[in-house]
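In what follows, a structure is listed as structure tokens, so that the remarks can point back to it.
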Amino acid sequence: MATAAAASASEAEPEPKAGPTAEGEEDDVKTARTRRKVLSRAVAAAAYKAVGPGWDQQEEGVSESDGDEEYAMASSAESSPGEYEWEYDEEEEKNQLEIERLEEQLSINVYDYNCHVDLIRLLRLEGELTKVRMARQKMSEIFPLTEELWLEWLHDEISMALDGLDREHVYELFEKAVKDYICPNIWLEYGQYSVGGIGQKGGLEKVRSVFERALSSVGLHMTKGLAIWEAYREFESAIVEAARPIAGFLSPFDREQTFDSQLEKVHNLFRRQLAIPLYDMEATFAEYEEWSEDPIPESVIQNYNKALQQLERYKPYEEALLQAEAPRLAEYQAYIDFEMKIGDPARVQLIFERALVENCLVPDLWIRYSQYLDRQLKVKDLVLSVHNRAVRNCPWTVALWTRYLLAMERHGVDHRVISVTFEKALSAGFIQATDYVEIWQAYLDYLRRRVDFKQDSSKELEELRSAFTRALEYLKQEVEERFNESGDPSCMIMQNWARIEARLCNNMQKARELWDSIMTKGNAKYANMWLEYYNLERAHGDTQHCRKALHRAVQCTSDYPEHVCEVLLTMERTEGTLEDWDIAVQKTETRLARVNEQRIKAAEKEAALAQQEEEKAEQRKRARAEKKALKKKKKTRGADKRKAEEDDEKEWGDDEEEQPSKRRKVENSTPPAGEAQDLEAEMGLFGKSAPVDVDPPSKQKERAAALKRDMPKVPHDSSKDSITVFVSNLPYSMDEPEVKLRPLFEACGEVTEIRPIFSNRGDFRGYCYVEFKEEKSALQALELDRKTVEGRPMFVSPCVDKSKHPDFKVFRYSTALEKHKLFVSGLPFSCTKEELEEICKAHGTVKDIRLVTNRAGKPKGLAYVEYENESQASQAVLKMDGMTIKENVIKVAISNPPQRKVPEKPEAKKAPGGGMVPRQIYGARGKGRTQLCLLPRALQRPSTTAAQAENGPAPQPAVTTSAATEAPKMSNADFAKLLLRK
């Protein structure tokens with residue numbers, strides 16, 4: 001069965017709907033009937049040659065021409081290059097300039113798919129037949145072409161085919177086309193075109209061979225396989241009908257042999273088709289009953305009923321594909337899982353091929369398909385064909401190339417072919433430095449497996465060593481210059497080379513040279529690298545070199561020096577002399593003492609920085625308090641102040657009096673009318689009252705704040721969380737939030753209530769709750785997240801009680817590597833989303849653009865651009881990095897944000913010697929506003945935590961038990977007086 005994959009810019013072919021009433025099916029039926037009529041006429045014209053005696057070469061030429069004319073009538077005529085005529089020479093000149101530009105661009109980047117398509121279109125428009133052929137040939141060598149491109153190419157070649165050589169050329173094109181794709185339409189065109197050559201030698205066998213291969217490729221296609229079956233059956237029926245006029249010239253024996261064998265072919269096709277679950281099976285069965293002169297055998301009826309039952313099992317998956325929109329990856333995945341449970345290899349392969357027509361740029365799908373073929377079918381030609389198509393569709397995916405190399409080695413492909421494939425992989429344009437390390441490692445593993453290490457020297461061993469040398473040079477010169485990183489910081493390739501030299505070649509001298517080079521590349525500070533070298537020396541070297549390696553490790557290691565010191569002492573304890581032991585102890589003690597000293601200095605520096613941070617936080621706190629005091633209204637009356645002090649003293653009382661209960665903040669209460677009048681009269685005594693009818697602005701603001709404070713609060717109902725959304729990051733200056741937000745959210749559905757949140761002073765706090773009548777409205781409202789409201793991005797999130805759902809995570813943008821998304825920095829602040837999209841869409845299909853802003857909605861000069869696939873993103877990086885936009889040079893890279901730092905738990909950090917560093921633990925920004933200390937600073941005492949001495953803990957001071965030396969206990973009244981004292 002021929003395998004296929006669609007190319008990167010192809011549009012998914014719509015699946016016909018099930019049943020006789022499917023939309024567009026009438027046109028398909030008419031087309032199929034037209035093709036069958038053409039087949040019948042073409043077969044009739046050539047039937048005498050196929051079954052009759054006395055056929056000569058002159059008649060063959062007439063029949064072939066007639067068949068071609070009939071085919072041309074049924075084929076599309078839109079491919080004729082002469083149908084485009086231009087009225088103005090200026091337009092032709094413009095096209096020529098565009099053709100030259102496209103050719104120059106392809107000379108720079110031959111992997112520009114859209115450039116190939118545009119060049120072919122223009123050359124075809126200008127009638128440049130030779131250049132069109134060359135352009136199509138070049139494109140087909142790099143990319144698999146879409147069904148539309150193949151059919152256009154085939155129609156052009158068919159219209160220009162004049163003799164038998166041209167017909168052979170068209171046959172070759174058809175063979176290439178059916179290898180690129182699983183396309184029922186191309187197979188149908190192939191079978192129809194081969195009918196035109198039935199008059200040639202072996203023409204009848206050629207037609208039957210094409211149709212049989214078409215059935216094996218797409219005959220199981222439940223929605224499109226029917227056309228192939230009907231075309232093949234109509235061809236065989238036409239042979240029967242064309243042979244009837246000459247039946248009288250045959251002997252009875254020849255007539256019986258001819259008709260019986262031909263009728264049996266038609267019977268066999270009916271029976272084969274009815275045993276396969278296809279749409280419109282009932283009509284085929286009825287047609288068979290009408291055509292057959294004999295009753296249908298019981299075995300055929302049983303197979304037909306079994307196929308109908310299978311059809312019912314497949315229908316849900318087919319209907320899901322018909323109802324979904326392209327590319328339907330999830331639906332195809334479910335269908336693939338179902339087929340793999342059944343385990344029919346032909347059907348599994350078919351559903352994979354159908355899925356890849358629309359999802360050819362999904363590397364994971366190719367990997368799953370090739371893995372199935374590698375482990376289940378293991379057919380060489382089929383497996384290698386799929387791997388080859390996979391890397392042609394997704395050349396930027398290193399995993400596909402490595403699997404391809406393994407498959408070629410597994411099936412015994414020639415070494416030169418594998419080497420050529422590896423060179424293609426190097427030029428594929430991977431988007432990460434580590435990808436090149438991976439492909440080199442896969443190729444080096446293959447070369448290592450070719451070597452017979454029982455021989456001291458061989459051609460394969462020299463090739464392996466040359467490949468290792470070339471790999472290191474390539475990673476240094478090519479990869480580091482492009483990505484500004486090696487991609488192999490741990491020098492894994494050099495490590496593997498050293499292991500091969502030590503273990504398989506017994507060449508420890510070369511292994512030591514490699515390890516010296518590894519350590520000079522910044523790895524000498526890691527204990528694990530030294531221990532890896534030590535283990536290699538331990539297994540294949542000698543004790544002296546092991547000791548030397550560990551001594552160097554003790555001096556150089558900075559991450560885990562204690563560990564390498566312990567390994568050195570262990571070795572000397574079991575193998576060394578007394579002198580070796582003394583040297584090791586001296587070196588380890590000196591090294592650890594120096595390390596501890598460095599750590600203590602680092603801890604002191606950290607503690608100093610923490611102290612500075614605390615002091616700055618305290619300064620900021622005092623500045624805020626002073627600023628807040630300055631902002632207090634100057635309208636506070638002396639009477640009010642005296643009254644407040646008297647009330648406080650009465651409330652707290654003396655020390656001997658019973659302490660009153662804590663004051664509770666009473667909400668949702670309004671002062672009685674009498675108290676309100678007294679308050680107004682009291683304010684009037686100080687000359688601060690205003691006329692009744694016109695209040696000053698400050699009075700109006702206070703009254704509005706009072707009204708907001710006095711609004712009855714609605715307790716939160718957690719049962720309504722599913723129909724409620726939480727809206728935040730709104731401007732604090734927003735007046736009447738409920739009025740302004742209601743029209744915005746009513747577009748999502750009926751709004752039951754909007755609850756804005758105010759402070760005790762009546763100021764809007766920038767967030768609110770929006771309750772809907774239906775849950776779907778709340779879900780739709782989540783799409784308003786980041787919408788700009790009065791110059792700020794509004795945050796819309798689900799309403800979730802985090803005390804009951806502690807694992808709930810608010811939406812955050814991904815921090816993982818996203819190969820189809822770009823990170824753009826250095827943008828001018830005036831750059832708009834539309835302007836950036838106009839620049840980016842020149843390099844591929846842009847799915848989304850997000851300009852990064854701060855909480856106030858101001859641009860930060862950063863953006864994320866999401867492309868349709870990884871290939872377009874990698875091309876955009878090469879083209880856009882370093883581009884100038886409004887005098888700003890931008891930087892473009894694949895999106896790979898750093899991981900967010902998880903805040904450390906507020907635990908005291910241990911000092912190097914094991915003691916605790918005395919410091920107060922606060923948040924990242926110092927002491928928070930809620931961390932109040934009710935003990936006055938005059939009574940605070942420093943922590944008595946003692947720092948650990950050099951050789952042990954310092955002695956603790958004696959604890960005085962006398963009550964007279966202790967600070968006197970204070971009541972709540974004492975605290976109140978201290979807090980209210982000015």
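Chain labels follow the order of the structure tokens: the first chain is A, the next B, and so on; residue numbering restarts at 1 in every chain, and ligands are counted from 1 in their shown order.
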Query - Those of region 469-624 of chain A in DSSP alpha helix (DSSP H), formatted as number ranges by chain - result: A: 469-474, 480-483, 492-499, 508-518, 527-540, 543-556, 561-575, 578-624
Only C-alpha atoms, please: the residues just picked out, written as a short mmCIF file (atom, residue, chain, number, x, y, z; two decimals), in the first residue's frame.
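Dumped to again-v8.cif:
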data_model
loop_
_atom_site.label_atom_id
_atom_site.label_comp_id
_atom_site.auth_asym_id
_atom_site.auth_seq_id
_atom_site.Cartn_x
_atom_site.Cartn_y
_atom_site.Cartn_z
CA THR A 469 36.96 15.01 15.19
CA ARG A 470 34.66 16.51 12.60
CA ALA A 471 31.74 16.56 15.06
CA LEU A 472 33.74 18.59 17.58
CA GLU A 473 34.86 21.04 14.90
CA TYR A 474 31.32 21.35 13.53
CA GLU A 480 28.36 28.03 18.45
CA GLU A 481 28.47 30.82 15.86
CA ARG A 482 24.78 30.44 15.09
CA PHE A 483 23.34 29.90 18.56
CA MET A 492 28.94 14.24 26.07
CA ILE A 493 30.41 13.55 22.62
CA MET A 494 33.94 13.83 23.97
CA GLN A 495 33.01 11.67 26.97
CA ASN A 496 31.69 8.93 24.68
CA TRP A 497 34.81 9.14 22.54
CA ALA A 498 36.98 8.80 25.64
CA ARG A 499 35.01 5.76 26.81
CA MET A 508 44.03 5.32 27.77
CA GLN A 509 46.47 7.94 26.55
CA LYS A 510 43.91 9.28 24.06
CA ALA A 511 41.16 9.02 26.70
CA ARG A 512 43.20 11.14 29.12
CA GLU A 513 43.83 13.76 26.46
CA LEU A 514 40.11 13.97 25.81
CA TRP A 515 39.33 14.32 29.51
CA ASP A 516 41.89 17.09 29.85
CA SER A 517 40.13 18.92 27.05
CA ILE A 518 36.76 18.33 28.74
CA ALA A 527 32.40 16.95 41.18
CA ASN A 528 30.43 14.55 38.99
CA MET A 529 32.75 15.19 36.02
CA TRP A 530 35.84 14.35 38.08
CA LEU A 531 34.21 11.24 39.49
CA GLU A 532 33.28 10.11 35.96
CA TYR A 533 36.92 10.48 34.95
CA TYR A 534 38.01 8.72 38.14
CA ASN A 535 35.70 5.77 37.45
CA LEU A 536 37.11 5.46 33.92
CA GLU A 537 40.66 5.44 35.26
CA ARG A 538 39.59 3.02 37.97
CA ALA A 539 38.26 0.55 35.39
CA HIS A 540 40.84 0.88 32.63
CA THR A 543 46.08 3.72 40.67
CA GLN A 544 48.58 6.49 40.09
CA HIS A 545 46.37 8.25 37.55
CA CYS A 546 43.33 7.72 39.80
CA ARG A 547 45.18 9.43 42.66
CA LYS A 548 46.26 12.27 40.38
CA ALA A 549 42.71 12.80 39.15
CA LEU A 550 41.31 12.95 42.69
CA HIS A 551 44.00 15.38 43.86
CA ARG A 552 43.06 17.70 40.99
CA ALA A 553 39.41 17.23 41.83
CA VAL A 554 39.96 18.29 45.44
CA GLN A 555 41.63 21.51 44.29
CA CYS A 556 39.14 22.42 41.53
CA PRO A 561 34.16 19.37 47.51
CA GLU A 562 33.30 17.24 50.57
CA HIS A 563 32.29 14.39 48.28
CA VAL A 564 35.50 14.24 46.26
CA CYS A 565 37.50 14.57 49.49
CA GLU A 566 35.69 11.57 50.88
CA VAL A 567 36.38 9.54 47.70
CA LEU A 568 40.08 10.40 47.89
CA LEU A 569 40.32 9.40 51.56
CA THR A 570 38.44 6.17 50.89
CA MET A 571 40.85 5.23 48.13
CA GLU A 572 43.91 5.99 50.24
CA ARG A 573 42.42 4.10 53.18
CA THR A 574 42.14 0.92 51.09
CA GLU A 575 45.12 1.19 48.72
CA LEU A 578 50.92 6.05 55.09
CA GLU A 579 52.59 8.83 53.18
CA ASP A 580 49.72 8.87 50.66
CA TRP A 581 47.25 9.02 53.54
CA ASP A 582 49.00 11.94 55.21
CA ILE A 583 49.15 13.90 51.96
CA ALA A 584 45.47 13.24 51.28
CA VAL A 585 44.43 14.33 54.80
CA GLN A 586 46.48 17.49 54.58
CA LYS A 587 45.09 18.44 51.18
CA THR A 588 41.48 17.72 52.10
CA GLU A 589 41.67 19.63 55.41
CA THR A 590 43.27 22.64 53.73
CA ARG A 591 40.73 22.63 50.95
CA LEU A 592 37.70 22.23 53.24
CA ALA A 593 38.96 24.98 55.57
CA ARG A 594 39.26 27.33 52.60
CA VAL A 595 35.81 26.35 51.37
CA ASN A 596 34.26 26.96 54.81
CA GLU A 597 35.93 30.35 54.99
CA GLN A 598 34.51 31.29 51.60
CA ARG A 599 31.07 30.13 52.62
CA ILE A 600 31.16 32.13 55.85
CA LYS A 601 32.11 35.26 53.93
CA ALA A 602 29.30 34.60 51.49
CA ALA A 603 26.85 34.09 54.35
CA GLU A 604 27.98 37.32 56.01
CA LYS A 605 27.58 39.18 52.77
CA GLU A 606 24.11 37.73 52.35
CA ALA A 607 23.20 38.67 55.90
CA ALA A 608 24.45 42.22 55.31
CA LEU A 609 22.36 42.47 52.17
CA ALA A 610 19.35 41.16 54.08
CA GLN A 611 19.94 43.74 56.81
CA GLN A 612 20.15 46.49 54.22
CA GLU A 613 16.93 45.26 52.70
CA GLU A 614 15.24 45.31 56.10
CA GLU A 615 16.46 48.84 56.76
CA LYS A 616 15.23 50.01 53.40
CA ALA A 617 11.89 48.36 54.08
CA GLU A 618 11.67 50.13 57.43
CA GLN A 619 12.51 53.44 55.76
CA ARG A 620 9.84 52.89 53.17
CA LYS A 621 7.38 52.04 55.91
CA ARG A 622 8.14 55.25 57.80
CA ALA A 623 7.93 57.28 54.59
CA ARG A 624 4.52 55.80 53.84
#
Determine, counting only C-alpha atoms, which protein, DNA and RNA residues have an atom within 12 Å of an atom of Leu97 (chain A); residues of the same chain fewer than 6 positions away are not included. Present the result as a compact mmCIF listing (two decimals) with N, CA, C and O atoms, in the first residue's frame.
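Contents of the output file out-v1.txt:
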# COMPACT_ATOMS: atom_id res chain seq x y z
N GLU A 90 3.27 45.68 -20.18
CA GLU A 90 3.75 46.13 -18.88
C GLU A 90 3.51 45.06 -17.82
O GLU A 90 4.35 44.82 -16.94
N GLU A 91 2.38 44.40 -17.92
CA GLU A 91 2.07 43.36 -16.95
C GLU A 91 2.98 42.16 -17.13
O GLU A 91 3.41 41.53 -16.17
N GLU A 103 13.30 33.56 -8.22
CA GLU A 103 14.43 32.67 -8.50
C GLU A 103 15.64 33.04 -7.65
O GLU A 103 16.35 32.17 -7.16
N GLU A 104 15.87 34.34 -7.49
CA GLU A 104 16.99 34.78 -6.66
C GLU A 104 16.77 34.40 -5.19
O GLU A 104 17.70 33.98 -4.49
N LEU A 119 6.46 30.83 -7.81
CA LEU A 119 7.25 30.76 -9.04
C LEU A 119 6.58 29.86 -10.06
O LEU A 119 6.51 30.21 -11.26
N LEU A 122 3.56 31.70 -11.64
CA LEU A 122 3.91 32.74 -12.61
C LEU A 122 4.49 32.16 -13.89
O LEU A 122 4.17 32.63 -14.99
N LEU A 123 5.34 31.16 -13.78
CA LEU A 123 5.90 30.54 -14.99
C LEU A 123 4.81 29.88 -15.82
O LEU A 123 4.83 29.95 -17.06
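Straight-line separation from CA of Leu308 (chain A) to CA of Trp291 (chain A): 20.9 Å.
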Requested in this report: Mind checking which residues fall within 10 Å of region 787-795 of chain A, counting only C-alpha atoms, ignoring those fewer than 3 positions away in the same chain, and posting them as number ranges by chain?
Outcome: A: 726-731, 733-734, 740-741, 744, 766-767, 782-784, 853-858
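Around Lys886 (chain A), within 10 Å and counting only C-alpha atoms, the residues found are A:Leu827, A:Pro828, A:Phe829, A:Ser830, A:Cys831, once anything fewer than 6 positions away on its own chain is removed.
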